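Just below is one structure, and these are the notes that go with it.
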Amino acid sequence: MLAPIDTLQYLKARLDEALDRLPPTDVEPTPEPAPQPVCPTDGDPAVRPLLSLVLALPRRPTHAPQLDGAQFQFAHAQRGTLSAGYGHAAEWEAAGPQRLRRLGDIARMLRRRWRREDPDETGFDAFAMLGFAASPDAVPQIEDHLPNAILWVPEIGLRSRDGEAALVLSATLPVARAELTARWHAALDRLVPQLYGPIDGPLMPAPLTREFAEPNRAGWATMVADALAEIRRGGLDKVVLSRRLDISGPRHLDVGRLLAALGCLFPSCQIINLRRHGKSFVAATPERLLSQTVGQGMHQGGGQVAVDAIAGTAPRAQTAEDDQALARALLHSEKNLREHRFVIDAIREALSGCCDDIRSPASPQVMQLSNAQHLWSPIEARARPGSDLFRLAERLHPTPATNGQPRASAQEWLRVGEPFDRGWYTGAAGLIEPDLSGELWVLLRCARICANRAELYAGCGIVAGSDAAAEWDETEAKLTAMLSALQYA
Ligand SMILES: C=C(O[C@H]1C=CC=C(C(=O)O)[C@@H]1O)C(=O)O
């Protein structure tokens, strides 16, 4: 087995060898012809050609290290998948109602200009991160670390699945060979020695102080009563109200330790970290907005689509018998099934414009997490050609699991009635493959973290029959997901 320093030397030699075999990188390559007409873009999105080089890692890394600078991470313990990105090869930001259309246009152009080389035949491909805030109109605060929406190709990516792992080095072209070699050697120097270190174990749990809550309990009761009144008037069928909780701890909150703790506590969730400008947005989410897998030879979308409908929640109990009783009650709760049905119907409706063969189970199953159990219906469909991840996401987001029904009325209700801007809470993030398929996760059970402070968010669906006190308790249970892990950070 290679020691980390040998691994670094091995990868650098492998990189040099691969670069020697590449055609010149300092001339503008001719883009591949478009298989179909490219969608019109508004203005010049400045999509320069990209080169990505995949290098097999001789050993699977123990974790995605936390380095200085911008980075993202998606880890799923039960699936055994880990993807991370460090630095920027290219990135594009967008905001406003057309944000996903604009980033999709860019990705479609990029697809024809993205040269990927996999000399080790790893089977891994290059990737980009797509993420966006809850609302297309949210204007990020000056000090905020995330823009409204972003498509981000990292300079160095890490991908690991099925016991195999690879690095993906990316750069825009043209670039002089000597400069490219120097840049990628420096990227390997930064990352590789950290890949095989021990994972920081948890520290003693530290007490967290609740600094600020919005709304407070009385404000919550008023918000729920107002929502129920609007539901009675017929303006809404469902609306998802949320809370913000600010906490501080006695020590700097270490994001590496936090991610490790979340991975242990929530092995069936996607553990996400989006870090820019020294701040992290961390989530441990059970909810996939969508995944799209495209078979070989399929152009411009198509393929299989999977969406999670998750809504309707019960607590966990101390004993297995009580837990099962709660799960059974959840499966037969008229109010929770109704809350869940709105989500299924809206997803089916959204998919019907771009998919065929839409299949949802006759009744939901229960998804158990360590802090709550949810009604869950996995929905599947076949995407029509031309329906790529951007177009699907645009139709699906936000579902009534995080917004409400009807969509526009719920959005307007929340814009006026919610006392804070959600930022990226209930937005989505995930990985995009160069063929524009990929997977996006709804940003739930999350926190913005800076130094020893964190802002947490949690919400729950309000329908006719909801009870303000029970819904408050449900948000407390949802906040527990992050609070319990933060103690160990
Ligand atoms: C809005 C949240 O949860 C959603 C997802 C699952 C179950 C939910 C519920 O039962 O209310 C919510 O719709 C949140 O965790 O902040």
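Chain lettering (A, B, ...) mirrors the order of the structure tokens, residue numbering begins at 1 for each chain separately, and ligand numbering begins at 1 in order of display.
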Can you tell me which residues come within 9 Å of ligand 1 when counting only C-alpha atoms and all ligand atoms, ideally as a PyMOL selection string?
-> chain A and resi 240-243+285-287+309-314+336+339-340+343+373-376+399-404+425-426+442-446+457-462+471+474-475+478-479
Store the residues of this selection in a file with C-alpha atoms, as a PDB file, in the first residue's frame.
```pdb
ATOM      1  CA  VAL A 240     -45.108  24.873   4.791  1.00  0.00           C
ATOM      2  CA  LEU A 241     -44.179  27.235   7.609  1.00  0.00           C
ATOM      3  CA  SER A 242     -40.670  27.374   8.970  1.00  0.00           C
ATOM      4  CA  ARG A 243     -38.559  28.585  11.870  1.00  0.00           C
ATOM      5  CA  THR A 285     -31.318  15.756   4.082  1.00  0.00           C
ATOM      6  CA  PRO A 286     -33.505  12.697   3.501  1.00  0.00           C
ATOM      7  CA  GLU A 287     -35.250  14.262   0.484  1.00  0.00           C
ATOM      8  CA  ALA A 309     -42.378  12.645  -2.089  1.00  0.00           C
ATOM      9  CA  ILE A 310     -41.755  13.103   1.637  1.00  0.00           C
ATOM     10  CA  ALA A 311     -44.371  14.782   3.829  1.00  0.00           C
ATOM     11  CA  GLY A 312     -46.258  13.779   6.965  1.00  0.00           C
ATOM     12  CA  THR A 313     -44.185  13.263  10.091  1.00  0.00           C
ATOM     13  CA  ALA A 314     -44.324  11.437  13.411  1.00  0.00           C
ATOM     14  CA  ASN A 336     -50.824  13.223   7.330  1.00  0.00           C
ATOM     15  CA  GLU A 339     -50.609  16.411   3.563  1.00  0.00           C
ATOM     16  CA  HIS A 340     -48.604  13.752   1.725  1.00  0.00           C
ATOM     17  CA  VAL A 343     -46.963  16.460  -2.677  1.00  0.00           C
ATOM     18  CA  GLN A 373     -40.287   9.281  10.764  1.00  0.00           C
ATOM     19  CA  HIS A 374     -41.854  10.453   7.526  1.00  0.00           C
ATOM     20  CA  LEU A 375     -44.380   9.253   4.979  1.00  0.00           C
ATOM     21  CA  TRP A 376     -42.402   8.565   1.813  1.00  0.00           C
ATOM     22  CA  THR A 399     -42.770  20.959  -4.272  1.00  0.00           C
ATOM     23  CA  PRO A 400     -45.523  21.257  -1.658  1.00  0.00           C
ATOM     24  CA  ALA A 401     -43.178  19.410   0.759  1.00  0.00           C
ATOM     25  CA  THR A 402     -41.417  22.731   1.316  1.00  0.00           C
ATOM     26  CA  ASN A 403     -43.720  25.370  -0.161  1.00  0.00           C
ATOM     27  CA  GLY A 404     -47.412  24.516  -0.353  1.00  0.00           C
ATOM     28  CA  TYR A 425     -32.943  26.372   3.234  1.00  0.00           C
ATOM     29  CA  THR A 426     -35.498  24.492   1.037  1.00  0.00           C
ATOM     30  CA  VAL A 442     -33.698  19.430  -1.089  1.00  0.00           C
ATOM     31  CA  LEU A 443     -31.756  21.466   1.465  1.00  0.00           C
ATOM     32  CA  LEU A 444     -33.438  20.479   4.735  1.00  0.00           C
ATOM     33  CA  ARG A 445     -32.168  19.795   8.279  1.00  0.00           C
ATOM     34  CA  CYS A 446     -29.539  22.402   7.630  1.00  0.00           C
ATOM     35  CA  TYR A 457     -33.887  26.101   9.885  1.00  0.00           C
ATOM     36  CA  ALA A 458     -36.831  23.701  10.081  1.00  0.00           C
ATOM     37  CA  GLY A 459     -40.413  23.720   8.906  1.00  0.00           C
ATOM     38  CA  CYS A 460     -43.556  21.648   8.579  1.00  0.00           C
ATOM     39  CA  GLY A 461     -46.606  21.416   6.409  1.00  0.00           C
ATOM     40  CA  ILE A 462     -49.832  23.028   7.615  1.00  0.00           C
ATOM     41  CA  GLU A 471     -46.299  21.342  14.611  1.00  0.00           C
ATOM     42  CA  GLU A 474     -42.312  18.569  14.958  1.00  0.00           C
ATOM     43  CA  THR A 475     -40.014  21.460  14.041  1.00  0.00           C
ATOM     44  CA  LYS A 478     -36.375  18.340  12.923  1.00  0.00           C
ATOM     45  CA  LEU A 479     -33.988  20.891  14.463  1.00  0.00           C
TER      46      LEU A 479
END
```
Mind checking DSSP for range 291-443 of chain A and telling me the strand (DSSP E) residues as a PyMOL selection string?
-> chain A and resi 291-293+301-314+355-359+365-368+373-385+404-405+428-432+438-442
Closest atom pairs, range 237-342 of chain A residues within 8 Å of range 221-232 of chain A, only C-alpha atoms, as a Markdown table:
```
| residue | atom | partner | partner_atom | distance |
| --- | --- | --- | --- | --- |
| A:Asp237 | CA | A:Ile231 | CA | 5.6 |
| A:Lys238 | CA | A:Ile231 | CA | 7.1 |
| A:Val239 | CA | A:Ala227 | CA | 7.2 |
| A:Leu241 | CA | A:Val224 | CA | 7.7 |
```
Residues of the last selection are to be written out with N, CA and C atoms, as a CSV table (one decimal), in the first residue's frame.
```
chain,number,residue,atom,x,y,z
A,237,ASP,N,-54.4,25.2,0.1
A,237,ASP,CA,-54.7,23.9,0.6
A,237,ASP,C,-53.7,23.5,1.6
A,238,LYS,N,-52.5,24.0,1.4
A,238,LYS,CA,-51.4,23.6,2.3
A,238,LYS,C,-50.3,24.7,2.2
A,239,VAL,N,-49.6,24.9,3.3
A,239,VAL,CA,-48.5,25.8,3.3
A,239,VAL,C,-47.4,25.3,4.3
A,241,LEU,N,-44.7,26.1,6.8
A,241,LEU,CA,-44.2,27.2,7.6
A,241,LEU,C,-42.8,26.8,8.2
```
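Atom pair CA of Ala178 in chain A / CA of Pro434 in chain A has a distance of 26.3 Å (rounded to one decimal).
Look at range 410-424 of chain A: the protein and nucleic acid residues within 6 Å of it, using only C-alpha atoms and passing over chain neighbours fewer than 3 places away, are Ala133, Ala134, Val239, Gly404, Gln405, Arg407 and Gly427 of chain A.
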Got a sec: who's within 12 Å of Arg453 in chain A, counting only C-alpha atoms, leaving out chain neighbours fewer than 5 positions off, as a list in words?
-> Leu208, Thr209, Arg210, Glu211, Phe212, Leu245, Asp246, Ile247, Ser248, Gly249, Pro250, Arg251, His252, Leu253, Asp254, Val255, Lys279, Ser280, Ala447, Arg448, Leu483, Leu486, Gln487 and Ala489 of chain A
Tell me which protein, DNA and RNA residues are within 9 Å of Gly131 in chain A, counting only C-alpha atoms, leaving out same-chain ones fewer than 4 positions away, and put them as a PyMOL selection string.
-> chain A and resi 148-152+424+427-431+440
What does the distance from CA of Arg99 in chain A to CA of Leu146 in chain A come to in Å, to one decimal?
-> 14.4 Å
May I have all residues of range 20-192 of chain A that DSSP, computed from the backbone, assigns to alpha helix (DSSP H), given as a ChimeraX atom specification?
-> /A:20-21,99-113,177-191
Determine, counting only C-alpha atoms, which protein, DNA and RNA residues have an atom within 12 Å of an atom of Ser52 in chain A; residues of the same chain fewer than 2 positions away are not included. Present the result as a PyMOL selection string.
-> chain A and resi 15+18-19+22+25+49-50+54-55+89-90+113-119+124-128+153-157+167-173+180+184+434
Determine, counting only C-alpha atoms, which protein, DNA and RNA residues have an atom within 8 Å of an atom of Leu103 in chain A; residues of the same chain fewer than 2 positions away are not included. Present the result as a list in words.
-> Trp92, Glu93, Ala94, Arg99, Leu100, Arg101, Asp105, Ile106, Ala107, Ile150, Leu151 and Phe390 of chain A
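Among the candidates A:Gln292, A:Thr122, A:Gln66, A:Asn452, the residue lying nearest to Arg391 in chain A is A:Gln292 (atoms considered: only C-alpha atoms).
Shortest atom-to-atom contact with Gln71 in chain A among A:His277, A:Arg112, A:Lys12, A:Arg244: A:His277, counting only C-alpha atoms.
Between CA of Ala469 in chain A and CA of Arg217 in chain A there is a distance of 8.6 Å.
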